[in-house]
Protein chains: 2
Amino acid sequence: MTTRRGRPPRDADVLSRARILKEALALVDEEGLAAVSMRKLARRLGVDPMSLYNHVDGKDALLDGVAEVLLAAIPAPVPGGDLRETMSALAHGFRAAMLDHPRAAPLVLTRQLASMTALSPVEAVLGPLLAAGYPPDRAVHGLRAVLAFLIGTLMREVDAAPTFSGTGDEGRLADLSASGLPAVAAAAPYLAVCDHEAEFEFGLGILLDALAP
Amino acid sequence: MTTRRGRPPRDADVLSRARILKEALALVDEEGLAAVSMRKLARRLGVDPMSLYNHVDGKDALLDGVAEVLLAAIPAPVPGGDLRETMSALAHGFRAAMLDHPRAAPLVLTRQLASMTALSPVEAVLGPLLAAGYPPDRAVHGLRAVLAFLIGTLMREVDAAPTFSGTGDEGRLADLSASGLPAVAAAAPYLAVCDHEAEFEFGLGILLDALAP
DNA sequence: CTCCTTAAATCTACGGTGTAGGTAATTCAG
DNA sequence: CTGAATTACCTACACCGTAGATTTAAGGAG
């Protein structure tokens with residue numbers, strides 16, 4: 001174990017991992033995930049594309065980094081609260097963080113992250129569950145069930161069509177009636193409109209009722 | 001409204017939408033989603049890349065098509081069964097279909113599909129729910145809650161690390177103990193191992209208990 | 001039959017991508 | 001000073017999705 005040798009990073013350096021991740025998130029917010037490229041990101045930073053590789057391991061690792069930035073925005077719940085409140089607060093915090101950056105959210109929802117930032121919310125849920133007397137295996141099951149619901153809900157919420165205009169609906173509805181899907185046709189008005197907020201509360205309520213009554 | 005004119009597709013044509021989608025699914029199964037390219041797919045079919053565009057609208061539409069192929073593999077439930085059995089059978093059928101093609105499953109789980117193939121399972125769930133007296137809005141809420149759980153669970157299940165070998169675990173565990181995440185450390189054995197089957201049944205059970213007791 | 005419309009398959013070419021490999025400048029530990 | 005380390009830049013390569021034009025062949029309309 002020797003001391004570090006050679007040139008350390010200096011303050012005058014143009015780039016830093018943090019600056020790159022921040023600009024990448026802005027790029028995703030503005031133009032969407034598909035529009036992200038190392039070259040475009042470098043252009044925005046006024047820098048040669050290859051310079052990014054001094055701070056980031058490649059495009060995939062860059063996007064992992066952006067995902068972690070999003071995760072880090074989830075507020076830690078107050079430590080003393082009761083079980084249900086804690087889980088509910090975390091779920092709402094998670095949702096709010098994703099909805100703040102809907103176009104980047106798939107990065108979090110799609111990848112399984114192993115970093116410490118990802119583990120911190122896990123700790124915040126697991127702690128109260130264990131303290132409430134849950135056996136560890138049940139606690140993990142419950143945590144994963146809620147997380148699965150959150151991920152699934154947010155995936156729909158996040159890349160939903162911007163607005164479901166009424167135009168053309170009648171034609172589609174006529175198609176439905178004629179297509180041998182009577183239940184779909186009957187519920188079509190409710191299928192067409194998505195009250196994300198209400199559906200989030202509905203599903204979360206079911207799960208929390210079962211886990212933390 | 002005149003009769004169709006000109007050359008119709010002939011049997012001797014090398015390509016067909018179905019053949020393309022089948023080969024694309026095989027390619028995804030073998031090499032993963034990231035490895036799919038129009039050129040490689042064409043090579044496998046012994047055909048010029050641009051020929052694919054006569055049968056498919058572009059790469060994105062191609063992947064939509066593959067997703068529909070996956071969806072179409074979900075068996076329709078028996079029409080007479082009771083509500084809980086119907087929903088459970090559909091959930092299990094959905095899961096089985098995804099696990100048959102784990103590398104392609106994200107295509108279904110990530111995109112929101114508007115095709116008829118996607119609507120058919122919806123009908124199969126919505127019908128019994130409405131018949132059981134659910135008001136349409138509650139029925140849609142319940143359907144979406146279950147679907148969200150399925151999607152979230154399968155996303156984790158499908159791109160989980162192949163096997164969580166014991167090697168190196170001790171080092172990571174030591175890291176955890178020292179990192180101020182006591183609950184994570186305590187539950188680490190259960191976090192490390194994923195009994196997907198059991199967790200699927202656990203979460204699905206909670207939701208079905210609430211919706212179809 | 002001939003003509004005309006249409007679809008399948010091919011070819012070329014363009015602008016974009018991620019990143020390997022190499023170079024010059026700078027800063028420090030020894 | 002010497003040498004390792006780090007940043008930023010540049011060039012170059014292989015690959016990508018697909019627009020556009022061209023050739024070939026199959027019917028139906030006349």
# chains A, B, ... in the order shown; residues from 1 in each chain; ligands from 1
call {"tool": "closest_atom_pairs", "arguments": {"of": "chain B", "to": "chain A", "cutoff": "8 Å", "atoms": "only C-alpha atoms", "output": "tab-separated table"}}
result
residue	atom	partner	partner_atom	distance
B:Thr110	CA	A:Met155	CA	7.2
B:Gln112	CA	A:Arg156	CA	7.3
B:Leu119	CA	A:Val184	CA	7.7
B:Ser120	CA	A:Leu181	CA	7.4
B:Val122	CA	A:Val184	CA	7.1
B:Glu123	CA	A:Val184	CA	5.4
B:Leu126	CA	A:Ala183	CA	5.8
B:Gly127	CA	A:Ala183	CA	4.9
B:Leu130	CA	A:Ala183	CA	7.3
B:Pro136	CA	A:Ala187	CA	5.5
B:Asp137	CA	A:Tyr190	CA	5.8
B:Val140	CA	A:Leu191	CA	6.6
B:His141	CA	A:Glu199	CA	5.8
B:Gly142	CA	A:Gly203	CA	7.5
B:Arg144	CA	A:Glu199	CA	7.7
B:Ala145	CA	A:Gly203	CA	5.2
B:Leu147	CA	A:Gly152	CA	7.4
B:Ala148	CA	A:Gly152	CA	3.9
B:Phe149	CA	A:Phe149	CA	4.2
B:Leu150	CA	A:Gly152	CA	7.4
B:Ile151	CA	A:Gly152	CA	5.1
B:Gly152	CA	A:Ala148	CA	3.9
B:Thr153	CA	A:Ala148	CA	5.0
B:Met155	CA	A:Thr110	CA	7.2
B:Arg156	CA	A:Gln112	CA	7.2
B:Ala160	CA	A:Gln112	CA	7.9
B:Leu181	CA	A:Glu123	CA	5.9
B:Pro182	CA	A:Glu123	CA	7.5
B:Ala183	CA	A:Gly127	CA	4.9
B:Val184	CA	A:Glu123	CA	5.4
B:Ala186	CA	A:Pro136	CA	7.8
B:Ala187	CA	A:Pro136	CA	5.5
B:Tyr190	CA	A:Asp137	CA	5.8
B:Leu191	CA	A:Val140	CA	6.6
B:Glu199	CA	A:His141	CA	5.8
B:Phe202	CA	A:His141	CA	7.2
B:Gly203	CA	A:Ala145	CA	5.2
B:Ile206	CA	A:Ala210	CA	6.6
B:Leu207	CA	A:Ile206	CA	6.8
B:Ala210	CA	A:Ile206	CA	6.6
call {"tool": "interface_residues", "arguments": {"of": "chain B", "to": "chain D", "cutoff": "10 Å", "atoms": "only C-alpha atoms (C1' of nucleotides)", "output": "ChimeraX atom specification"}}
result
/B:3-10,37-39,49-50,53,58-59
call {"tool": "write_last_selection", "arguments": {"atoms": "C-alpha atoms", "output": "compact mmCIF listing (two decimals), in the first residue's frame"}}
result
# COMPACT_ATOMS: atom_id res chain seq x y z
CA THR B 3 -60.47 -4.47 -56.86
CA ARG B 4 -56.79 -4.84 -56.04
CA ARG B 5 -54.46 -4.41 -58.98
CA GLY B 6 -50.90 -5.35 -59.60
CA ARG B 7 -48.68 -8.07 -58.30
CA PRO B 8 -49.74 -9.81 -55.09
CA PRO B 9 -47.24 -11.57 -52.84
CA ARG B 10 -46.33 -14.94 -54.28
CA SER B 37 -29.30 -5.19 -36.24
CA MET B 38 -31.11 -5.14 -39.52
CA ARG B 39 -27.92 -6.15 -41.29
CA PRO B 49 -30.66 -5.78 -45.53
CA MET B 50 -32.95 -3.46 -47.41
CA TYR B 53 -38.08 -3.03 -45.33
CA GLY B 58 -38.20 -0.22 -39.65
CA LYS B 59 -36.22 -1.55 -36.75
call {"tool": "closest_residue", "arguments": {"among": "A:Leu21, A:Ala76, A:Leu70, A:Val36", "to": "chain C", "atoms": "only C-alpha atoms (C1' of nucleotides)"}}
result
A:Val36
call {"tool": "interface_residues", "arguments": {"of": "chain C", "to": "chain A", "cutoff": "8 Å", "atoms": "only C-alpha atoms (C1' of nucleotides)", "output": "MDAnalysis selection string"}}
result
chainID C and resid 17:18 26:29
call {"tool": "residues_around", "arguments": {"residues": "Ala34 (chain B)", "least_positions_apart": "6", "cutoff": "12 Å", "atoms": "only C-alpha atoms (C1' of nucleotides)", "output": "list in words"}}
result
Asp60 of chain A; Leu27, Val28, Lys40, Leu63, Arg103, Ala104, Pro106 and Leu107 of chain B
call {"tool": "select_by_dssp", "arguments": {"residues": "region 7-196 of chain B", "states": "helix (DSSP H, G or I)", "output": "ChimeraX atom specification"}}
result
/B:17-31,33-35,38-45,49-54,59-72,83-100,105-110,116-131,136-158,169-177,182-186,188-192,196
call {"tool": "decode", "arguments": {"residues": "chain C", "atoms": "N, CA and C atoms (P, O5', C5', C4', C3', O3' and C1' of nucleotides)", "output": "mmCIF file, in the first residue's frame"}}
result
data_model
loop_
_atom_site.group_PDB
_atom_site.id
_atom_site.type_symbol
_atom_site.label_atom_id
_atom_site.label_comp_id
_atom_site.auth_asym_id
_atom_site.auth_seq_id
_atom_site.Cartn_x
_atom_site.Cartn_y
_atom_site.Cartn_z
ATOM 1 P P DC C 1 -49.927 -14.402 -74.141
ATOM 2 O "O5'" DC C 1 -49.373 -13.917 -75.528
ATOM 3 C "C5'" DC C 1 -50.208 -13.921 -76.744
ATOM 4 C "C4'" DC C 1 -50.654 -12.517 -77.128
ATOM 5 C "C3'" DC C 1 -49.930 -11.394 -76.414
ATOM 6 O "O3'" DC C 1 -48.865 -10.939 -77.242
ATOM 7 C "C1'" DC C 1 -52.316 -11.024 -76.351
ATOM 8 P P DT C 2 -47.724 -9.939 -76.714
ATOM 9 O "O5'" DT C 2 -48.449 -8.576 -76.336
ATOM 10 C "C5'" DT C 2 -49.068 -7.787 -77.365
ATOM 11 C "C4'" DT C 2 -49.623 -6.512 -76.723
ATOM 12 C "C3'" DT C 2 -48.579 -5.695 -75.954
ATOM 13 O "O3'" DT C 2 -48.840 -4.313 -76.173
ATOM 14 C "C1'" DT C 2 -50.327 -6.313 -74.485
ATOM 15 P P DC C 3 -47.859 -3.215 -75.579
ATOM 16 O "O5'" DC C 3 -48.625 -2.716 -74.275
ATOM 17 C "C5'" DC C 3 -49.837 -1.975 -74.408
ATOM 18 C "C4'" DC C 3 -50.387 -1.607 -73.034
ATOM 19 C "C3'" DC C 3 -49.414 -0.824 -72.140
ATOM 20 O "O3'" DC C 3 -50.158 0.183 -71.477
ATOM 21 C "C1'" DC C 3 -50.141 -2.774 -71.011
ATOM 22 P P DC C 4 -49.433 1.431 -70.846
ATOM 23 O "O5'" DC C 4 -49.907 1.302 -69.336
ATOM 24 C "C5'" DC C 4 -51.207 0.735 -69.056
ATOM 25 C "C4'" DC C 4 -51.271 0.354 -67.598
ATOM 26 C "C3'" DC C 4 -50.310 1.119 -66.705
ATOM 27 O "O3'" DC C 4 -51.017 1.526 -65.560
ATOM 28 C "C1'" DC C 4 -49.980 -1.206 -66.407
ATOM 29 P P DT C 5 -50.490 2.735 -64.623
ATOM 30 O "O5'" DT C 5 -50.675 2.070 -63.195
ATOM 31 C "C5'" DT C 5 -51.816 1.231 -62.970
ATOM 32 C "C4'" DT C 5 -51.473 0.137 -61.976
ATOM 33 C "C3'" DT C 5 -50.653 0.597 -60.771
ATOM 34 O "O3'" DT C 5 -51.388 0.300 -59.603
ATOM 35 C "C1'" DT C 5 -49.781 -1.412 -61.669
ATOM 36 P P DT C 6 -50.965 0.923 -58.180
ATOM 37 O "O5'" DT C 6 -50.151 -0.291 -57.544
ATOM 38 C "C5'" DT C 6 -50.781 -1.570 -57.406
ATOM 39 C "C4'" DT C 6 -49.730 -2.634 -57.164
ATOM 40 C "C3'" DT C 6 -48.770 -2.322 -56.017
ATOM 41 O "O3'" DT C 6 -49.091 -3.160 -54.924
ATOM 42 C "C1'" DT C 6 -47.697 -3.356 -57.884
ATOM 43 P P DA C 7 -48.441 -2.822 -53.463
ATOM 44 O "O5'" DA C 7 -47.375 -4.001 -53.327
ATOM 45 C "C5'" DA C 7 -47.800 -5.336 -53.529
ATOM 46 C "C4'" DA C 7 -46.589 -6.232 -53.680
ATOM 47 C "C3'" DA C 7 -45.521 -5.986 -52.606
ATOM 48 O "O3'" DA C 7 -45.227 -7.226 -51.971
ATOM 49 C "C1'" DA C 7 -44.573 -5.905 -54.802
ATOM 50 P P DA C 8 -44.062 -7.327 -50.916
ATOM 51 O "O5'" DA C 8 -42.867 -7.893 -51.797
ATOM 52 C "C5'" DA C 8 -43.043 -9.131 -52.458
ATOM 53 C "C4'" DA C 8 -41.733 -9.623 -53.040
ATOM 54 C "C3'" DA C 8 -40.584 -9.666 -52.044
ATOM 55 O "O3'" DA C 8 -39.893 -10.880 -52.234
ATOM 56 C "C1'" DA C 8 -40.052 -8.199 -53.856
ATOM 57 P P DA C 9 -38.697 -11.225 -51.225
ATOM 58 O "O5'" DA C 9 -37.403 -10.584 -51.894
ATOM 59 C "C5'" DA C 9 -36.826 -11.216 -53.027
ATOM 60 C "C4'" DA C 9 -35.747 -10.305 -53.569
ATOM 61 C "C3'" DA C 9 -34.625 -9.974 -52.576
ATOM 62 O "O3'" DA C 9 -33.441 -10.657 -52.952
ATOM 63 C "C1'" DA C 9 -35.317 -8.076 -53.857
ATOM 64 P P DT C 10 -32.077 -10.308 -52.219
ATOM 65 O "O5'" DT C 10 -31.526 -9.066 -53.056
ATOM 66 C "C5'" DT C 10 -31.325 -9.209 -54.454
ATOM 67 C "C4'" DT C 10 -30.815 -7.906 -55.035
ATOM 68 C "C3'" DT C 10 -29.532 -7.396 -54.374
ATOM 69 O "O3'" DT C 10 -28.481 -7.514 -55.313
ATOM 70 C "C1'" DT C 10 -31.108 -5.632 -54.779
ATOM 71 P P DC C 11 -26.975 -7.347 -54.801
ATOM 72 O "O5'" DC C 11 -26.698 -5.786 -55.030
ATOM 73 C "C5'" DC C 11 -27.088 -5.198 -56.264
ATOM 74 C "C4'" DC C 11 -26.829 -3.685 -56.226
ATOM 75 C "C3'" DC C 11 -25.615 -3.281 -55.384
ATOM 76 O "O3'" DC C 11 -24.670 -2.637 -56.224
ATOM 77 C "C1'" DC C 11 -27.541 -1.956 -54.844
ATOM 78 P P DT C 12 -23.285 -2.113 -55.612
ATOM 79 O "O5'" DT C 12 -23.553 -0.568 -55.339
ATOM 80 C "C5'" DT C 12 -24.422 0.146 -56.211
ATOM 81 C "C4'" DT C 12 -24.618 1.570 -55.710
ATOM 82 C "C3'" DT C 12 -23.429 2.140 -54.929
ATOM 83 O "O3'" DT C 12 -23.175 3.468 -55.389
ATOM 84 C "C1'" DT C 12 -25.403 2.344 -53.650
ATOM 85 P P DA C 13 -21.858 4.273 -54.827
ATOM 86 O "O5'" DA C 13 -22.521 5.247 -53.752
ATOM 87 C "C5'" DA C 13 -23.808 5.806 -54.042
ATOM 88 C "C4'" DA C 13 -24.297 6.562 -52.824
ATOM 89 C "C3'" DA C 13 -23.159 7.158 -51.997
ATOM 90 O "O3'" DA C 13 -23.449 8.528 -51.768
ATOM 91 C "C1'" DA C 13 -24.604 5.860 -50.619
ATOM 92 P P DC C 14 -22.432 9.460 -50.969
ATOM 93 O "O5'" DC C 14 -23.275 9.834 -49.676
ATOM 94 C "C5'" DC C 14 -24.657 10.196 -49.832
ATOM 95 C "C4'" DC C 14 -25.229 10.490 -48.462
ATOM 96 C "C3'" DC C 14 -24.234 11.157 -47.514
ATOM 97 O "O3'" DC C 14 -24.856 12.204 -46.806
ATOM 98 C "C1'" DC C 14 -25.031 9.129 -46.556
ATOM 99 P P DG C 15 -23.910 13.370 -46.182
ATOM 100 O "O5'" DG C 15 -24.324 13.302 -44.659
ATOM 101 C "C5'" DG C 15 -25.702 13.202 -44.297
ATOM 102 C "C4'" DG C 15 -25.807 12.446 -42.997
ATOM 103 C "C3'" DG C 15 -24.876 12.981 -41.884
ATOM 104 O "O3'" DG C 15 -25.643 13.193 -40.728
ATOM 105 C "C1'" DG C 15 -24.651 10.646 -42.117
ATOM 106 P P DG C 16 -25.006 13.928 -39.458
ATOM 107 O "O5'" DG C 16 -24.753 12.749 -38.415
ATOM 108 C "C5'" DG C 16 -25.874 12.221 -37.705
ATOM 109 C "C4'" DG C 16 -25.601 10.814 -37.264
ATOM 110 C "C3'" DG C 16 -24.593 10.668 -36.132
ATOM 111 O "O3'" DG C 16 -25.265 10.738 -34.881
ATOM 112 C "C1'" DG C 16 -24.410 8.930 -37.781
ATOM 113 P P DT C 17 -24.377 10.822 -33.572
ATOM 114 O "O5'" DT C 17 -23.934 9.313 -33.300
ATOM 115 C "C5'" DT C 17 -24.936 8.315 -33.100
ATOM 116 C "C4'" DT C 17 -24.276 6.961 -32.927
ATOM 117 C "C3'" DT C 17 -23.160 6.951 -31.901
ATOM 118 O "O3'" DT C 17 -23.730 6.657 -30.640
ATOM 119 C "C1'" DT C 17 -22.556 5.712 -33.885
ATOM 120 P P DG C 18 -22.839 6.881 -29.348
ATOM 121 O "O5'" DG C 18 -21.862 5.615 -29.322
ATOM 122 C "C5'" DG C 18 -22.407 4.320 -29.121
ATOM 123 C "C4'" DG C 18 -21.280 3.320 -28.997
ATOM 124 C "C3'" DG C 18 -20.277 3.627 -27.883
ATOM 125 O "O3'" DG C 18 -19.817 2.414 -27.303
ATOM 126 C "C1'" DG C 18 -19.174 3.696 -29.980
ATOM 127 P P DT C 19 -18.893 2.508 -26.008
ATOM 128 O "O5'" DT C 19 -17.433 2.508 -26.660
ATOM 129 C "C5'" DT C 19 -17.006 1.373 -27.380
ATOM 130 C "C4'" DT C 19 -15.685 1.643 -28.057
ATOM 131 C "C3'" DT C 19 -14.569 2.169 -27.126
ATOM 132 O "O3'" DT C 19 -13.370 1.495 -27.432
ATOM 133 C "C1'" DT C 19 -14.665 3.436 -29.053
ATOM 134 P P DA C 20 -12.796 0.474 -26.295
ATOM 135 O "O5'" DA C 20 -11.481 -0.087 -27.031
ATOM 136 C "C5'" DA C 20 -11.634 -0.855 -28.199
ATOM 137 C "C4'" DA C 20 -10.482 -0.589 -29.170
ATOM 138 C "C3'" DA C 20 -9.113 -0.433 -28.505
ATOM 139 O "O3'" DA C 20 -8.139 -1.111 -29.305
ATOM 140 C "C1'" DA C 20 -9.587 1.487 -29.797
ATOM 141 P P DG C 21 -6.673 -1.385 -28.747
ATOM 142 O "O5'" DG C 21 -5.756 -0.210 -29.342
ATOM 143 C "C5'" DG C 21 -5.807 0.099 -30.716
ATOM 144 C "C4'" DG C 21 -4.957 1.326 -31.009
ATOM 145 C "C3'" DG C 21 -3.764 1.510 -30.055
ATOM 146 O "O3'" DG C 21 -2.596 1.739 -30.825
ATOM 147 C "C1'" DG C 21 -5.064 3.489 -30.142
ATOM 148 P P DG C 22 -1.195 2.013 -30.099
ATOM 149 O "O5'" DG C 22 -0.986 3.569 -30.339
ATOM 150 C "C5'" DG C 22 -1.157 4.106 -31.655
ATOM 151 C "C4'" DG C 22 -0.962 5.610 -31.615
ATOM 152 C "C3'" DG C 22 0.228 6.073 -30.763
ATOM 153 O "O3'" DG C 22 0.949 7.076 -31.471
ATOM 154 C "C1'" DG C 22 -1.749 7.152 -30.055
ATOM 155 P P DT C 23 2.347 7.678 -30.839
ATOM 156 O "O5'" DT C 23 1.911 9.166 -30.468
ATOM 157 C "C5'" DT C 23 1.126 9.926 -31.397
ATOM 158 C "C4'" DT C 23 0.925 11.340 -30.854
ATOM 159 C "C3'" DT C 23 2.083 11.868 -30.013
ATOM 160 O "O3'" DT C 23 2.360 13.217 -30.383
ATOM 161 C "C1'" DT C 23 0.085 11.999 -28.770
ATOM 162 P P DA C 24 3.666 13.918 -29.746
ATOM 163 O "O5'" DA C 24 3.063 15.092 -28.846
ATOM 164 C "C5'" DA C 24 2.097 15.984 -29.414
ATOM 165 C "C4'" DA C 24 1.588 16.941 -28.343
ATOM 166 C "C3'" DA C 24 2.680 17.523 -27.442
ATOM 167 O "O3'" DA C 24 2.407 18.906 -27.194
ATOM 168 C "C1'" DA C 24 1.140 16.282 -26.125
ATOM 169 P P DA C 25 3.363 19.768 -26.254
ATOM 170 O "O5'" DA C 25 2.517 19.909 -24.916
ATOM 171 C "C5'" DA C 25 1.170 20.369 -25.001
ATOM 172 C "C4'" DA C 25 0.537 20.359 -23.625
ATOM 173 C "C3'" DA C 25 1.418 20.966 -22.526
ATOM 174 O "O3'" DA C 25 0.630 21.913 -21.806
ATOM 175 C "C1'" DA C 25 0.681 18.783 -21.900
ATOM 176 P P DT C 26 1.302 22.857 -20.676
ATOM 177 O "O5'" DT C 26 0.965 22.094 -19.320
ATOM 178 C "C5'" DT C 26 -0.396 21.851 -18.976
ATOM 179 C "C4'" DT C 26 -0.456 20.884 -17.819
ATOM 180 C "C3'" DT C 26 0.357 21.305 -16.594
ATOM 181 O "O3'" DT C 26 -0.544 21.549 -15.538
ATOM 182 C "C1'" DT C 26 0.619 18.991 -17.073
ATOM 183 P P DT C 27 -0.071 22.476 -14.313
ATOM 184 O "O5'" DT C 27 0.163 21.388 -13.166
ATOM 185 C "C5'" DT C 27 -0.920 20.577 -12.741
ATOM 186 C "C4'" DT C 27 -0.406 19.327 -12.052
ATOM 187 C "C3'" DT C 27 0.505 19.596 -10.848
ATOM 188 O "O3'" DT C 27 -0.142 19.105 -9.693
ATOM 189 C "C1'" DT C 27 1.329 17.845 -12.220
ATOM 190 P P DC C 28 0.097 19.783 -8.292
ATOM 191 O "O5'" DC C 28 1.264 18.860 -7.708
ATOM 192 C "C5'" DC C 28 0.935 17.831 -6.827
ATOM 193 C "C4'" DC C 28 1.652 16.559 -7.213
ATOM 194 C "C3'" DC C 28 2.789 16.176 -6.265
ATOM 195 O "O3'" DC C 28 2.321 15.207 -5.350
ATOM 196 C "C1'" DC C 28 3.257 15.695 -8.588
ATOM 197 P P DA C 29 2.995 15.097 -3.952
ATOM 198 O "O5'" DA C 29 3.740 13.673 -3.994
ATOM 199 C "C5'" DA C 29 3.010 12.530 -4.449
ATOM 200 C "C4'" DA C 29 3.946 11.347 -4.640
ATOM 201 C "C3'" DA C 29 4.973 11.145 -3.527
ATOM 202 O "O3'" DA C 29 5.227 9.752 -3.367
ATOM 203 C "C1'" DA C 29 6.096 11.708 -5.560
ATOM 204 P P DG C 30 6.176 9.273 -2.234
ATOM 205 O "O5'" DG C 30 7.612 9.192 -2.943
ATOM 206 C "C5'" DG C 30 7.925 8.097 -3.820
ATOM 207 C "C4'" DG C 30 9.287 8.343 -4.459
ATOM 208 C "C3'" DG C 30 10.419 8.524 -3.447
ATOM 209 O "O3'" DG C 30 11.202 7.303 -3.390
ATOM 210 C "C1'" DG C 30 10.538 10.141 -5.221
#
